[in-house]
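The block underneath contains the structure these notes are about, expressed in structure tokens.
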Amino acid sequence: MGRPSDIGRRVRAAQGNARKADDLVRDYLPFIKAETAKFLSRPPIEGRDDELSIALFAFHEAIMSYDGKRGAFIPFAARAIRNRLIDFTRREARHAHTVSLDQPLDEEGGTLGDNIGTETAELHDLGDREATRQEIASYAAALSEYGIAFVDVAESCPKQERTLDACRRVLACARENPELLDKLESSKKLPMAALAKKSGIDRKTLERHRRYLVALLVAYTNGFEIIRGHLRAVAVPGGRSAQ
Amino acid sequence: MTYLVLECGLSYAVVLSDDGRYLTVPNLGYQVGETLSEVVVLPEATPEPRRRLSVVHGRALRALAAAACLCALAAGGAAWQSPMGTVHMSINPEVSADVNRFDRVVALEGDNDDGQALVDGYWAYGKDIRTVTNELADRAEDMGYLDEDGTIEIDVTSQNDEWRIVLEDQLIEELVIHVDGSVTVQRYGAGAENTGEGSDDPMLPAAGTDEGDDGDDKRQEVVVPTAEVPEQPQPATETPTAAAPSNQAHGDDDDDWDDDGWGSDDDDDDWDDDEDDDDDEED
């Protein structure tokens with residue numbers, strides 16, 4: 001753990017870079033465990049207590065959102081951890097009556113998930129985990145050519161359903177006009193004006209969610225069948241439907 | 001809804017939902033390529049409501065602070081404006097000054113026509129009462145109300161006796177010093193005060209007084225040190241008094257004083273020779 005005077009500098013350096021933020025989380029793991037232990041009134045167990053994962057995520061969020069004007073980082077992070085643990089506890093309380101797929105069914109260790117067919121299982125039938133992993137790596141590499149990381153896409157992703165539907169219409173427009181996807185691949189830039197004109201979506205909306213749209217359109221260029229297969233509900237704007 | 005895990009860090013994971021949302025979620029032991037039926041999607045970090053809350057708190061705090069300041073100002077203003085007592089100054093013009101607990105003048109008015117003329121055009125509000133009495137004495141002198149042998153009378157009235165006594169003493173002392181003995185400063189009160197040997201106040205200058213000769217007069221005259229130069233000792237010509245060790249003894253008495261030739265009045269020293277005592281008594 002760095003000196004107290006270093007933490008502010010390290011936090012600022014890590015902001016906007018998820019990897020660096022993760023390194024900082026690793027350095028402050030004892031602090032995060034201590035805060036979790038305060039909340040649980042017992043030491044958290046790695047790999048078993050979801051609360052520890054929530055606390056790690058909360059610390060990560062705190063790094064990303066920290067503003068030096070709001071006081072020292074450590075108290076700020078402690079509050080963030082506590083707030084997130086409270087959120088998580090409330091969420092779990094709401095799902096208290098939900099049956100978990102991991103719930104053991106018999107003494108032999110079988111779970112509910114093992115005994116029922118799921119869409120997840122069907123998806124796994126399409127390709128094994130390694131193939132999926134390789135495709136995701138290719139997808140990440142393709143996005144990096146646009147200077148985009150998955151974390152950036154998540155930040156740029158619309159939160160409201162209406163905006164998400166607008167983005168789906170942009171995607172549908174691009175699929176109906178393959179030259180727009182070709183232009184995207186060749187120029188490595190989103191053909192903003194053409195998309196706005198043909199989709200009828202406000203250009204500002206496109207600009208605000210540019211990285212998300214790029215990620216979505218790249219997924220619908222060559223390859224990435226597994227990912228496209230996963231995005232079943234995106235194909236038709238306005239609702240979930242099979243591709 | 002299913003989620004495809006795209007990226008994993010120690011503290012976070014990026015997942016892609018089947019409806020096209022990219023989400024950063026806590027990594028509960030996920031691995032890249034894994035498909036999940038559920039992820040922990042925490043509510044948006046809510047800086048806005050917190051900021052709004054803090055703004056509300058901030059406004060409340062600011063309102064409270066402003067109220068506290070107003071209360072303090074009101075209390076201070078009331079304490080400032082409330083007279084602690086009144087100083088009456090009588091030369092011939094008579095004036096009264098209301099003085100607050102900080103010894104500052106909050107009102108000044110003339111008690112007679114001359115007093116009104118004296119304070120007319122003079123701004124006393126907020127000034128220390130000692131300054132005001134000094135300046136009024138100067139004004140009175142400039143306006144011809146106060147002659148060389150004039151008299152200034154000071155009287156302080158207040159329900160707070162301690163404050164009254166202290167201020168009265170201080171005013172007289174200040175005036176005595178200010179007028180530098182050119183006039184007489186008087187006060188109301190019983191007993192000898194500010195009169196040299198009769199005064200309890202060591203700060204007041206000692207001077208020859210008419211001690212005890214006007215017991216029926218409640219005003220005790222304060223005679224300031226004047227420019228009178230003490231007379232040179234005169235050769236004793238009369239019968240010595242019993243006062244003080246002096247050269248009165250001529251060697252025939254039974255006391256131990258100066259039986260060895262000191263007592264001769266025809267010596268050349270400046271010592272006594274009884275003249276002063278006689279003068280004092282005659283006074």
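Ligands are numbered from 1 in the order shown, chains are lettered A, B, ... in the order of the structure tokens, and residues start at 1 in each chain.
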Could the residues of stretch 9-85 of chain B that have an atom at most 12 Å from stretch 37-46 of chain A be listed as a Markdown table, each with its closest atom pair and the distance in Å to one decimal, counting only C-alpha atoms and ordered by chain and ascending residue number?
| residue | atom | partner | partner_atom | distance |
| --- | --- | --- | --- | --- |
| B:Leu10 | CA | A:Glu46 | CA | 11.7 |
| B:Leu28 | CA | A:Glu46 | CA | 10.1 |
| B:Gly29 | CA | A:Glu46 | CA | 9.7 |
Would you save the residues from that selection as a PDB file, in the first residue's frame, using N, CA, C and O atoms?
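The result, stored in again-v6.pdb:
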ATOM      1  N   LEU B  10      -9.945  -8.002 -11.709  1.00  0.00           N
ATOM      2  CA  LEU B  10     -10.084  -8.490 -10.325  1.00  0.00           C
ATOM      3  C   LEU B  10     -11.399  -8.013  -9.725  1.00  0.00           C
ATOM      4  O   LEU B  10     -12.083  -8.756  -9.016  1.00  0.00           O
ATOM      5  N   LEU B  28     -18.089 -11.677  -9.891  1.00  0.00           N
ATOM      6  CA  LEU B  28     -18.304 -12.692  -8.850  1.00  0.00           C
ATOM      7  C   LEU B  28     -17.681 -14.013  -9.292  1.00  0.00           C
ATOM      8  O   LEU B  28     -18.324 -15.060  -9.317  1.00  0.00           O
ATOM      9  N   GLY B  29     -16.426 -13.933  -9.684  1.00  0.00           N
ATOM     10  CA  GLY B  29     -15.721 -15.142 -10.087  1.00  0.00           C
ATOM     11  C   GLY B  29     -15.994 -15.558 -11.517  1.00  0.00           C
ATOM     12  O   GLY B  29     -15.894 -16.747 -11.840  1.00  0.00           O
TER      13      GLY B  29
END
Mind checking which residues fall within 9 Å of A:Glu155, counting only C-alpha atoms, ignoring those fewer than 4 positions away in the same chain, and posting them as JSON, numbers by chain? {"A": [150, 151, 211, 212], "B": [22, 23, 24]}
Write out as a list in words every residue belonging to chain B that has an atom at most 7 Å from any atom of chain A, counting only C-alpha atoms. Leu6, Gly9, Leu10, Ser11, Tyr12, Val14, Asp18, Asp19, Gly20, Arg21, Tyr22, Leu23, Thr24, Pro26, Asn27, Leu28, Gly29, Val32, Gly33, Glu34, Thr35, Ser37 and Leu42 of chain B
Per DSSP on the backbone, filter stretch 125-154 of chain B down to the residues in alpha helix (DSSP H) and report them as JSON, numbers by chain. {"B": [129, 130, 131, 132, 133, 134, 135, 136, 137, 138, 139, 140, 141, 142]}
May I ask for the distance between atom CA of B:Val56 and atom CA of B:Ala74, given in Å to one decimal place? 26.4 Å
